[in-house]
$ cat query19.pdb   # PDB, C-alpha atoms and all ligand atoms
ATOM      1  CA  MET H   1     125.486 187.770  62.899  1.00  0.00           C
ATOM      2  CA  ASP H   2     127.667 185.345  64.854  1.00  0.00           C
ATOM      3  CA  VAL H   3     127.628 181.580  64.374  1.00  0.00           C
ATOM      4  CA  TYR H   4     125.327 180.940  67.350  1.00  0.00           C
ATOM      5  CA  GLN H   5     122.800 183.436  66.025  1.00  0.00           C
ATOM      6  CA  ALA H   6     122.898 181.858  62.575  1.00  0.00           C
ATOM      7  CA  VAL H   7     122.352 178.381  64.021  1.00  0.00           C
ATOM      8  CA  ALA H   8     119.558 179.544  66.322  1.00  0.00           C
ATOM      9  CA  GLY H   9     117.911 181.593  63.574  1.00  0.00           C
ATOM     10  CA  ARG H  10     117.857 178.845  60.996  1.00  0.00           C
ATOM     11  CA  ARG H  11     114.598 176.984  60.748  1.00  0.00           C
ATOM     12  CA  ALA H  12     112.789 175.174  57.993  1.00  0.00           C
ATOM     13  CA  VAL H  13     110.734 177.943  56.400  1.00  0.00           C
ATOM     14  CA  ARG H  14     107.748 176.753  54.399  1.00  0.00           C
ATOM     15  CA  ARG H  15     106.301 180.035  53.229  1.00  0.00           C
ATOM     16  CA  PHE H  16     108.440 182.403  51.204  1.00  0.00           C
ATOM     17  CA  SER H  17     107.832 185.815  49.705  1.00  0.00           C
ATOM     18  CA  ASP H  18     108.305 186.136  45.947  1.00  0.00           C
ATOM     19  CA  ARG H  19     110.982 188.819  46.457  1.00  0.00           C
ATOM     20  CA  PRO H  20     113.807 187.780  44.131  1.00  0.00           C
ATOM     21  CA  VAL H  21     117.136 186.823  45.628  1.00  0.00           C
ATOM     22  CA  PRO H  22     120.012 188.737  44.018  1.00  0.00           C
ATOM     23  CA  ARG H  23     122.281 186.465  42.052  1.00  0.00           C
ATOM     24  CA  ASP H  24     125.436 187.974  43.562  1.00  0.00           C
ATOM     25  CA  VAL H  25     124.185 187.088  47.059  1.00  0.00           C
ATOM     26  CA  LEU H  26     123.631 183.480  46.005  1.00  0.00           C
ATOM     27  CA  ALA H  27     127.035 183.374  44.352  1.00  0.00           C
ATOM     28  CA  ARG H  28     128.651 184.764  47.533  1.00  0.00           C
ATOM     29  CA  VAL H  29     126.941 182.146  49.697  1.00  0.00           C
ATOM     30  CA  LEU H  30     127.848 179.253  47.417  1.00  0.00           C
ATOM     31  CA  GLY H  31     131.396 180.535  47.028  1.00  0.00           C
ATOM     32  CA  ALA H  32     131.835 180.664  50.811  1.00  0.00           C
ATOM     33  CA  ALA H  33     130.112 177.284  51.320  1.00  0.00           C
ATOM     34  CA  ALA H  34     132.733 175.702  49.101  1.00  0.00           C
ATOM     35  CA  ARG H  35     134.989 175.977  52.188  1.00  0.00           C
ATOM     36  CA  SER H  36     132.914 173.208  53.809  1.00  0.00           C
ATOM     37  CA  PRO H  37     135.027 170.279  54.956  1.00  0.00           C
ATOM     38  CA  SER H  38     134.920 166.946  53.169  1.00  0.00           C
ATOM     39  CA  GLY H  39     136.753 163.707  53.753  1.00  0.00           C
ATOM     40  CA  GLY H  40     139.912 163.757  51.641  1.00  0.00           C
ATOM     41  CA  ASN H  41     138.752 167.156  50.334  1.00  0.00           C
ATOM     42  CA  LEU H  42     136.699 165.312  47.694  1.00  0.00           C
ATOM     43  CA  GLN H  43     134.088 168.131  47.660  1.00  0.00           C
ATOM     44  CA  PRO H  44     131.500 165.661  46.394  1.00  0.00           C
ATOM     45  CA  TRP H  45     128.657 168.207  46.181  1.00  0.00           C
ATOM     46  CA  ASN H  46     127.343 168.987  42.702  1.00  0.00           C
ATOM     47  CA  SER H  47     124.944 171.880  43.080  1.00  0.00           C
ATOM     48  CA  TYR H  48     122.408 173.442  40.761  1.00  0.00           C
ATOM     49  CA  LEU H  49     121.111 176.834  41.807  1.00  0.00           C
ATOM     50  CA  VAL H  50     117.838 177.321  40.002  1.00  0.00           C
ATOM     51  CA  THR H  51     115.752 180.486  39.611  1.00  0.00           C
ATOM     52  CA  GLY H  52     113.597 182.234  37.011  1.00  0.00           C
ATOM     53  CA  ALA H  53     112.112 180.392  34.045  1.00  0.00           C
ATOM     54  CA  THR H  54     113.938 177.160  34.835  1.00  0.00           C
ATOM     55  CA  LEU H  55     112.538 176.977  38.353  1.00  0.00           C
ATOM     56  CA  ALA H  56     109.093 177.933  37.060  1.00  0.00           C
ATOM     57  CA  GLU H  57     109.258 175.083  34.556  1.00  0.00           C
ATOM     58  CA  LEU H  58     110.358 172.621  37.216  1.00  0.00           C
ATOM     59  CA  LYS H  59     107.564 173.658  39.583  1.00  0.00           C
ATOM     60  CA  LYS H  60     105.053 173.404  36.730  1.00  0.00           C
ATOM     61  CA  ARG H  61     106.107 169.899  35.716  1.00  0.00           C
ATOM     62  CA  ALA H  62     106.242 168.652  39.298  1.00  0.00           C
ATOM     63  CA  GLY H  63     102.885 170.302  40.048  1.00  0.00           C
ATOM     64  CA  GLU H  64     101.312 168.503  37.114  1.00  0.00           C
ATOM     65  CA  ARG H  65     102.567 165.184  38.426  1.00  0.00           C
ATOM     66  CA  VAL H  66     101.205 165.917  41.891  1.00  0.00           C
ATOM     67  CA  ALA H  67      97.839 167.022  40.488  1.00  0.00           C
ATOM     68  CA  SER H  68      97.506 163.863  38.407  1.00  0.00           C
ATOM     69  CA  GLY H  69      97.942 161.707  41.507  1.00  0.00           C
ATOM     70  CA  ASP H  70     101.383 160.469  40.424  1.00  0.00           C
ATOM     71  CA  ARG H  71     103.025 159.152  43.617  1.00  0.00           C
ATOM     72  CA  GLY H  72     106.542 159.657  42.300  1.00  0.00           C
ATOM     73  CA  ASP H  73     109.523 157.821  40.876  1.00  0.00           C
ATOM     74  CA  GLU H  74     110.909 154.587  42.225  1.00  0.00           C
ATOM     75  CA  ARG H  75     113.094 155.473  45.167  1.00  0.00           C
ATOM     76  CA  GLU H  76     116.859 155.347  44.960  1.00  0.00           C
ATOM     77  CA  PHE H  77     117.020 155.580  48.742  1.00  0.00           C
ATOM     78  CA  GLU H  78     114.508 155.555  51.581  1.00  0.00           C
ATOM     79  CA  MET H  79     113.933 158.803  53.428  1.00  0.00           C
ATOM     80  CA  TYR H  80     113.276 156.849  56.614  1.00  0.00           C
ATOM     81  CA  PRO H  81     113.461 153.175  57.526  1.00  0.00           C
ATOM     82  CA  PRO H  82     110.007 151.627  56.935  1.00  0.00           C
ATOM     83  CA  ALA H  83     109.513 150.885  60.637  1.00  0.00           C
ATOM     84  CA  LEU H  84     110.902 153.905  62.415  1.00  0.00           C
ATOM     85  CA  LYS H  85     111.694 152.912  65.985  1.00  0.00           C
ATOM     86  CA  SER H  86     111.594 154.906  69.193  1.00  0.00           C
ATOM     87  CA  PRO H  87     112.674 157.650  69.918  1.00  0.00           C
ATOM     88  CA  TYR H  88     112.850 158.661  66.248  1.00  0.00           C
ATOM     89  CA  ARG H  89     109.209 157.830  65.549  1.00  0.00           C
ATOM     90  CA  GLU H  90     108.027 160.124  68.357  1.00  0.00           C
ATOM     91  CA  ARG H  91     110.385 162.916  67.352  1.00  0.00           C
ATOM     92  CA  ARG H  92     109.168 162.784  63.779  1.00  0.00           C
ATOM     93  CA  ALA H  93     105.522 162.754  64.851  1.00  0.00           C
ATOM     94  CA  GLY H  94     106.139 165.617  67.271  1.00  0.00           C
ATOM     95  CA  ALA H  95     107.714 167.774  64.562  1.00  0.00           C
ATOM     96  CA  ALA H  96     104.842 167.063  62.152  1.00  0.00           C
ATOM     97  CA  GLU H  97     102.304 167.863  64.865  1.00  0.00           C
ATOM     98  CA  ARG H  98     103.988 171.176  65.585  1.00  0.00           C
ATOM     99  CA  ARG H  99     104.217 172.036  61.898  1.00  0.00           C
ATOM    100  CA  TYR H 100     100.609 171.263  61.020  1.00  0.00           C
ATOM    101  CA  ALA H 101      99.261 172.984  64.126  1.00  0.00           C
ATOM    102  CA  ALA H 102     101.148 176.155  63.178  1.00  0.00           C
ATOM    103  CA  MET H 103      99.663 175.944  59.687  1.00  0.00           C
ATOM    104  CA  GLY H 104      96.160 175.480  61.045  1.00  0.00           C
ATOM    105  CA  VAL H 105      95.842 171.944  59.634  1.00  0.00           C
ATOM    106  CA  ALA H 106      93.761 169.830  62.015  1.00  0.00           C
ATOM    107  CA  ARG H 107      94.946 166.416  63.200  1.00  0.00           C
ATOM    108  CA  GLY H 108      92.480 164.369  61.113  1.00  0.00           C
ATOM    109  CA  ASP H 109      92.590 166.624  58.049  1.00  0.00           C
ATOM    110  CA  ALA H 110      94.286 164.242  55.599  1.00  0.00           C
ATOM    111  CA  GLU H 111      93.589 166.498  52.626  1.00  0.00           C
ATOM    112  CA  GLY H 112      95.063 169.514  54.406  1.00  0.00           C
ATOM    113  CA  ARG H 113      98.181 167.514  55.206  1.00  0.00           C
ATOM    114  CA  GLU H 114      98.460 166.369  51.617  1.00  0.00           C
ATOM    115  CA  ARG H 115      98.182 169.964  50.422  1.00  0.00           C
ATOM    116  CA  ALA H 116     100.888 170.986  52.881  1.00  0.00           C
ATOM    117  CA  VAL H 117     103.168 168.216  51.624  1.00  0.00           C
ATOM    118  CA  ALA H 118     102.446 169.146  47.991  1.00  0.00           C
ATOM    119  CA  ALA H 119     103.739 172.660  48.711  1.00  0.00           C
ATOM    120  CA  ASN H 120     107.207 171.052  48.716  1.00  0.00           C
ATOM    121  CA  TRP H 121     107.043 170.802  44.932  1.00  0.00           C
ATOM    122  CA  ASP H 122     106.247 174.471  44.612  1.00  0.00           C
ATOM    123  CA  CYS H 123     109.290 175.185  46.803  1.00  0.00           C
ATOM    124  CA  PHE H 124     106.832 176.771  49.250  1.00  0.00           C
ATOM    125  CA  GLY H 125     106.691 179.782  46.937  1.00  0.00           C
ATOM    126  CA  ALA H 126     110.466 180.375  47.062  1.00  0.00           C
ATOM    127  CA  PRO H 127     112.049 182.132  44.056  1.00  0.00           C
ATOM    128  CA  ALA H 128     115.273 180.115  44.268  1.00  0.00           C
ATOM    129  CA  ALA H 129     116.200 176.513  44.873  1.00  0.00           C
ATOM    130  CA  LEU H 130     119.329 174.435  45.206  1.00  0.00           C
ATOM    131  CA  PHE H 131     119.542 170.836  44.043  1.00  0.00           C
ATOM    132  CA  CYS H 132     122.448 168.835  45.339  1.00  0.00           C
ATOM    133  CA  TYR H 133     123.655 165.744  43.511  1.00  0.00           C
ATOM    134  CA  VAL H 134     126.305 163.203  44.394  1.00  0.00           C
ATOM    135  CA  ASP H 135     128.302 160.901  42.139  1.00  0.00           C
ATOM    136  CA  ARG H 136     126.781 157.421  42.244  1.00  0.00           C
ATOM    137  CA  ASP H 137     130.246 155.905  42.489  1.00  0.00           C
ATOM    138  CA  LEU H 138     130.854 157.545  45.853  1.00  0.00           C
ATOM    139  CA  GLY H 139     129.782 156.016  49.145  1.00  0.00           C
ATOM    140  CA  ARG H 140     127.921 156.743  52.369  1.00  0.00           C
ATOM    141  CA  ALA H 141     130.792 158.726  53.854  1.00  0.00           C
ATOM    142  CA  GLN H 142     130.474 161.262  51.038  1.00  0.00           C
ATOM    143  CA  TRP H 143     126.802 161.824  51.885  1.00  0.00           C
ATOM    144  CA  LEU H 144     128.127 163.089  55.217  1.00  0.00           C
ATOM    145  CA  ASP H 145     130.104 165.709  53.288  1.00  0.00           C
ATOM    146  CA  LEU H 146     126.925 166.770  51.493  1.00  0.00           C
ATOM    147  CA  GLY H 147     125.179 167.276  54.828  1.00  0.00           C
ATOM    148  CA  MET H 148     127.970 169.518  56.049  1.00  0.00           C
ATOM    149  CA  TYR H 149     127.882 171.494  52.845  1.00  0.00           C
ATOM    150  CA  LEU H 150     124.110 171.953  52.927  1.00  0.00           C
ATOM    151  CA  GLN H 151     124.139 173.142  56.543  1.00  0.00           C
ATOM    152  CA  THR H 152     126.948 175.572  55.716  1.00  0.00           C
ATOM    153  CA  VAL H 153     124.836 176.929  52.848  1.00  0.00           C
ATOM    154  CA  MET H 154     121.847 177.346  55.168  1.00  0.00           C
ATOM    155  CA  LEU H 155     123.861 179.182  57.840  1.00  0.00           C
ATOM    156  CA  LEU H 156     125.418 181.510  55.280  1.00  0.00           C
ATOM    157  CA  LEU H 157     121.951 182.221  53.900  1.00  0.00           C
ATOM    158  CA  ARG H 158     120.958 183.350  57.397  1.00  0.00           C
ATOM    159  CA  GLY H 159     123.951 185.677  57.354  1.00  0.00           C
ATOM    160  CA  GLU H 160     122.436 187.256  54.242  1.00  0.00           C
ATOM    161  CA  GLY H 161     118.963 187.602  55.814  1.00  0.00           C
ATOM    162  CA  LEU H 162     117.668 184.669  53.802  1.00  0.00           C
ATOM    163  CA  HIS H 163     115.866 181.506  54.848  1.00  0.00           C
ATOM    164  CA  SER H 164     115.752 177.979  53.498  1.00  0.00           C
ATOM    165  CA  CYS H 165     114.101 174.605  53.717  1.00  0.00           C
ATOM    166  CA  PRO H 166     116.119 171.474  52.940  1.00  0.00           C
ATOM    167  CA  GLN H 167     113.951 169.036  50.989  1.00  0.00           C
ATOM    168  CA  LEU H 168     114.424 165.341  50.525  1.00  0.00           C
ATOM    169  CA  ALA H 169     110.901 165.530  49.104  1.00  0.00           C
ATOM    170  CA  TRP H 170     112.380 166.442  45.740  1.00  0.00           C
ATOM    171  CA  SER H 171     113.759 162.906  45.481  1.00  0.00           C
ATOM    172  CA  VAL H 172     110.151 161.778  45.002  1.00  0.00           C
ATOM    173  CA  TYR H 173     110.037 163.508  41.599  1.00  0.00           C
ATOM    174  CA  ARG H 174     113.745 163.138  40.915  1.00  0.00           C
ATOM    175  CA  ARG H 175     113.247 162.268  37.236  1.00  0.00           C
ATOM    176  CA  THR H 176     111.479 165.572  36.655  1.00  0.00           C
ATOM    177  CA  VAL H 177     114.302 167.449  38.367  1.00  0.00           C
ATOM    178  CA  THR H 178     116.826 165.624  36.214  1.00  0.00           C
ATOM    179  CA  GLU H 179     114.814 166.261  33.021  1.00  0.00           C
ATOM    180  CA  VAL H 180     114.849 169.996  33.678  1.00  0.00           C
ATOM    181  CA  LEU H 181     118.408 170.342  35.003  1.00  0.00           C
ATOM    182  CA  SER H 182     120.104 167.779  32.741  1.00  0.00           C
ATOM    183  CA  PRO H 183     122.992 166.888  35.061  1.00  0.00           C
ATOM    184  CA  PRO H 184     125.671 164.552  33.697  1.00  0.00           C
ATOM    185  CA  ALA H 185     124.803 160.855  33.828  1.00  0.00           C
ATOM    186  CA  GLY H 186     126.244 159.283  36.942  1.00  0.00           C
ATOM    187  CA  LEU H 187     124.936 161.889  39.344  1.00  0.00           C
ATOM    188  CA  MET H 188     122.172 161.099  41.825  1.00  0.00           C
ATOM    189  CA  LEU H 189     119.858 163.715  43.315  1.00  0.00           C
ATOM    190  CA  VAL H 190     120.201 163.711  47.086  1.00  0.00           C
ATOM    191  CA  CYS H 191     118.462 166.834  48.334  1.00  0.00           C
ATOM    192  CA  GLY H 192     116.678 169.964  47.201  1.00  0.00           C
ATOM    193  CA  MET H 193     116.511 173.223  49.133  1.00  0.00           C
ATOM    194  CA  SER H 194     114.087 176.111  48.843  1.00  0.00           C
ATOM    195  CA  ILE H 195     115.748 179.493  49.276  1.00  0.00           C
ATOM    196  CA  GLY H 196     114.310 182.955  49.682  1.00  0.00           C
ATOM    197  CA  TYR H 197     113.040 185.629  52.039  1.00  0.00           C
ATOM    198  CA  ALA H 198     110.496 184.359  54.545  1.00  0.00           C
ATOM    199  CA  ASP H 199     106.939 185.578  54.058  1.00  0.00           C
ATOM    200  CA  ASP H 200     106.331 187.654  57.193  1.00  0.00           C
ATOM    201  CA  ALA H 201     102.711 186.472  57.247  1.00  0.00           C
ATOM    202  CA  GLY H 202     103.809 182.819  57.462  1.00  0.00           C
ATOM    203  CA  PRO H 203     103.892 180.883  60.750  1.00  0.00           C
ATOM    204  CA  VAL H 204     107.136 180.745  62.693  1.00  0.00           C
ATOM    205  CA  VAL H 205     107.463 177.128  63.750  1.00  0.00           C
ATOM    206  CA  ARG H 206     109.970 176.307  66.482  1.00  0.00           C
ATOM    207  CA  VAL H 207     110.533 172.569  66.518  1.00  0.00           C
ATOM    208  CA  ASP H 208     111.854 171.292  69.874  1.00  0.00           C
ATOM    209  CA  ARG H 209     115.034 169.362  70.293  1.00  0.00           C
ATOM    210  CA  ALA H 210     115.624 166.460  72.647  1.00  0.00           C
ATOM    211  CA  PRO H 211     117.266 167.362  75.965  1.00  0.00           C
ATOM    212  CA  LEU H 212     121.045 167.342  75.651  1.00  0.00           C
ATOM    213  CA  ALA H 213     121.360 164.297  77.922  1.00  0.00           C
ATOM    214  CA  GLU H 214     119.377 162.263  75.375  1.00  0.00           C
ATOM    215  CA  THR H 215     121.809 162.867  72.551  1.00  0.00           C
ATOM    216  CA  VAL H 216     125.165 163.716  74.126  1.00  0.00           C
ATOM    217  CA  THR H 217     127.263 161.751  76.607  1.00  0.00           C
ATOM    218  CA  PHE H 218     129.984 163.703  78.379  1.00  0.00           C
ATOM    219  CA  LEU H 219     132.767 161.499  79.689  1.00  0.00           C
ATOM    220  CA  ASP H 220     135.562 162.765  81.961  1.00  0.00           C
TER
HETATM  221  C1  LIG X 301     118.075 166.197  55.046  1.00  0.00           C
HETATM  222  C2  LIG X 301     116.801 166.935  55.355  1.00  0.00           C
HETATM  223  C3  LIG X 301     115.696 166.756  54.546  1.00  0.00           C
HETATM  224  C4  LIG X 301     114.510 167.439  54.799  1.00  0.00           C
HETATM  225  N1  LIG X 301     113.466 167.297  53.933  1.00  0.00           N
HETATM  226  C5  LIG X 301     112.362 168.045  54.116  1.00  0.00           C
HETATM  227  C6  LIG X 301     111.322 168.015  53.139  1.00  0.00           C
HETATM  228  O1  LIG X 301     111.380 167.311  52.149  1.00  0.00           O
HETATM  229  N2  LIG X 301     110.260 168.818  53.335  1.00  0.00           N
HETATM  230  C7  LIG X 301     110.146 169.640  54.429  1.00  0.00           C
HETATM  231  O2  LIG X 301     109.149 170.352  54.541  1.00  0.00           O
HETATM  232  N3  LIG X 301     111.118 169.693  55.374  1.00  0.00           N
HETATM  233  C8  LIG X 301     112.221 168.922  55.225  1.00  0.00           C
HETATM  234  N4  LIG X 301     113.248 169.010  56.129  1.00  0.00           N
HETATM  235  C9  LIG X 301     113.137 169.935  57.269  1.00  0.00           C
HETATM  236  C10 LIG X 301     112.911 169.196  58.590  1.00  0.00           C
HETATM  237  O3  LIG X 301     111.573 168.767  58.663  1.00  0.00           O
HETATM  238  C11 LIG X 301     113.262 170.149  59.741  1.00  0.00           C
HETATM  239  O4  LIG X 301     114.615 170.486  59.655  1.00  0.00           O
HETATM  240  C12 LIG X 301     112.983 169.520  61.104  1.00  0.00           C
HETATM  241  O5  LIG X 301     111.624 169.253  61.284  1.00  0.00           O
HETATM  242  C13 LIG X 301     113.450 170.448  62.240  1.00  0.00           C
HETATM  243  O6  LIG X 301     112.818 171.702  62.087  1.00  0.00           O
HETATM  244  P1  LIG X 301     113.678 173.037  61.950  1.00  0.00           P
HETATM  245  O7  LIG X 301     114.667 172.846  60.856  1.00  0.00           O
HETATM  246  O8  LIG X 301     112.666 174.111  61.626  1.00  0.00           O
HETATM  247  O9  LIG X 301     114.342 173.280  63.280  1.00  0.00           O
HETATM  248  C14 LIG X 301     114.422 168.311  55.918  1.00  0.00           C
HETATM  249  C15 LIG X 301     115.543 168.471  56.739  1.00  0.00           C
HETATM  250  C16 LIG X 301     116.717 167.807  56.462  1.00  0.00           C
HETATM  251  C17 LIG X 301     117.920 168.029  57.325  1.00  0.00           C
END

$ encode --input "query19.pdb" --output "structure tokens"
Amino acid sequence: MDVYQAVAGRRAVRRFSDRPVPRDVLARVLGAAARSPSGGNLQPWNSYLVTGATLAELKKRAGERVASGDRGDEREFEMYPPALKSPYRERRAGAAERRYAAMGVARGDAEGRERAVAANWDCFGAPAALFCYVDRDLGRAQWLDLGMYLQTVMLLLRGEGLHSCPQLAWSVYRRTVTEVLSPPAGLMLVCGMSIGYADDAGPVVRVDRAPLAETVTFLD
């Protein structure tokens, strides 16, 4: 698979099969992803690759919080600005529309949408998950490094026939993640990621991108 194919083939998968992911494959992907660039070569990603009983425990605890109506921990960062302006607002709404339509969740079906969101905390059925932490003493520029690392992981997963879904949603129940994973104090959870083989029966959602002229300016 060449780089273009990996980029084109990556999508946020939200329905995984329970087929286990071999540990050596995950180790190969994470070993290769360590070549991701970072400013000053700080390599500020602190990753936890979670499977088996530990992931089951995490899903159970998070699921209990969801079921009890617990809206989550106080936020350490906002996922989006409270008043998302144009064109971001429309892009976000368009992606959600596309996603829910593919899942058969009707526009006014608030409960259906809530159920779809709650699937985040079951990792959409995935048998593996990555949790990426950053040192609280680092700054915004290092979050950029994390983004590069996470995308590298996702592309390498495609190279192995695997799929993924990056998940800021895990920051909502970050204390539960931290309870189960016990990272050193001083680390902050930035992003989770479900990893596994896509369930062939799941919908394939292609989310549009803005026309190139909207996001790129070529200057001669
Ligand atoms: C940093 C980041 C966080 C995301 N968090 C979530 C999430 O919590 N739950 C989810 O279902 N999708 C999440 N996504 C997936 C996006 O919704 C998805 O990438 C976007 O809609 C474009 O769709 P595509 O990746 O399938 O092309 C996240 C993506 C990124 C890059």

$ residues_near_ligand --input "query19.pdb" --ligand "ligand LIG 301 (chain X)" --cutoff "6 Å" --atoms "only C-alpha atoms and all ligand atoms" --output "list in words"
Arg11, Ala12, Ala95, Asn120, Cys165, Pro166, Gln167, Leu168, Ala169, Arg206 and Val207 of chain H

$ closest_residue --input "query19.pdb" --among "H:Gly94, H:Pro44, H:Pro127, H:Pro87" --to "Ala56 in chain H" --atoms "all atoms listed in the file"
H:Pro127

$ closest_residue --input "query19.pdb" --among "H:Ser194, H:Leu219, H:Ala106, H:Asp135" --to "Leu49 in chain H" --atoms "only C-alpha atoms"
H:Ser194

$ closest_residue --input "query19.pdb" --among "H:Arg91, H:Leu55, H:Tyr133, H:Gly125" --to "Pro184 in chain H" --atoms "all atoms listed in the file"
H:Tyr133

$ residues_around --input "query19.pdb" --residues "Gly186 in chain H" --least-positions-apart "2" --cutoff "12 Å" --atoms "all atoms listed in the file" --output "PyMOL selection string"
chain H and resi 46+133-138+178+182-184+188-189

$ residues_around --input "query19.pdb" --residues "Tyr197 in chain H" --least-positions-apart "4" --cutoff "10 Å" --atoms "all atoms listed in the file" --output "VMD selection string"
chain H and resid 13 15 to 21 126 to 128 157 to 158 160 to 164
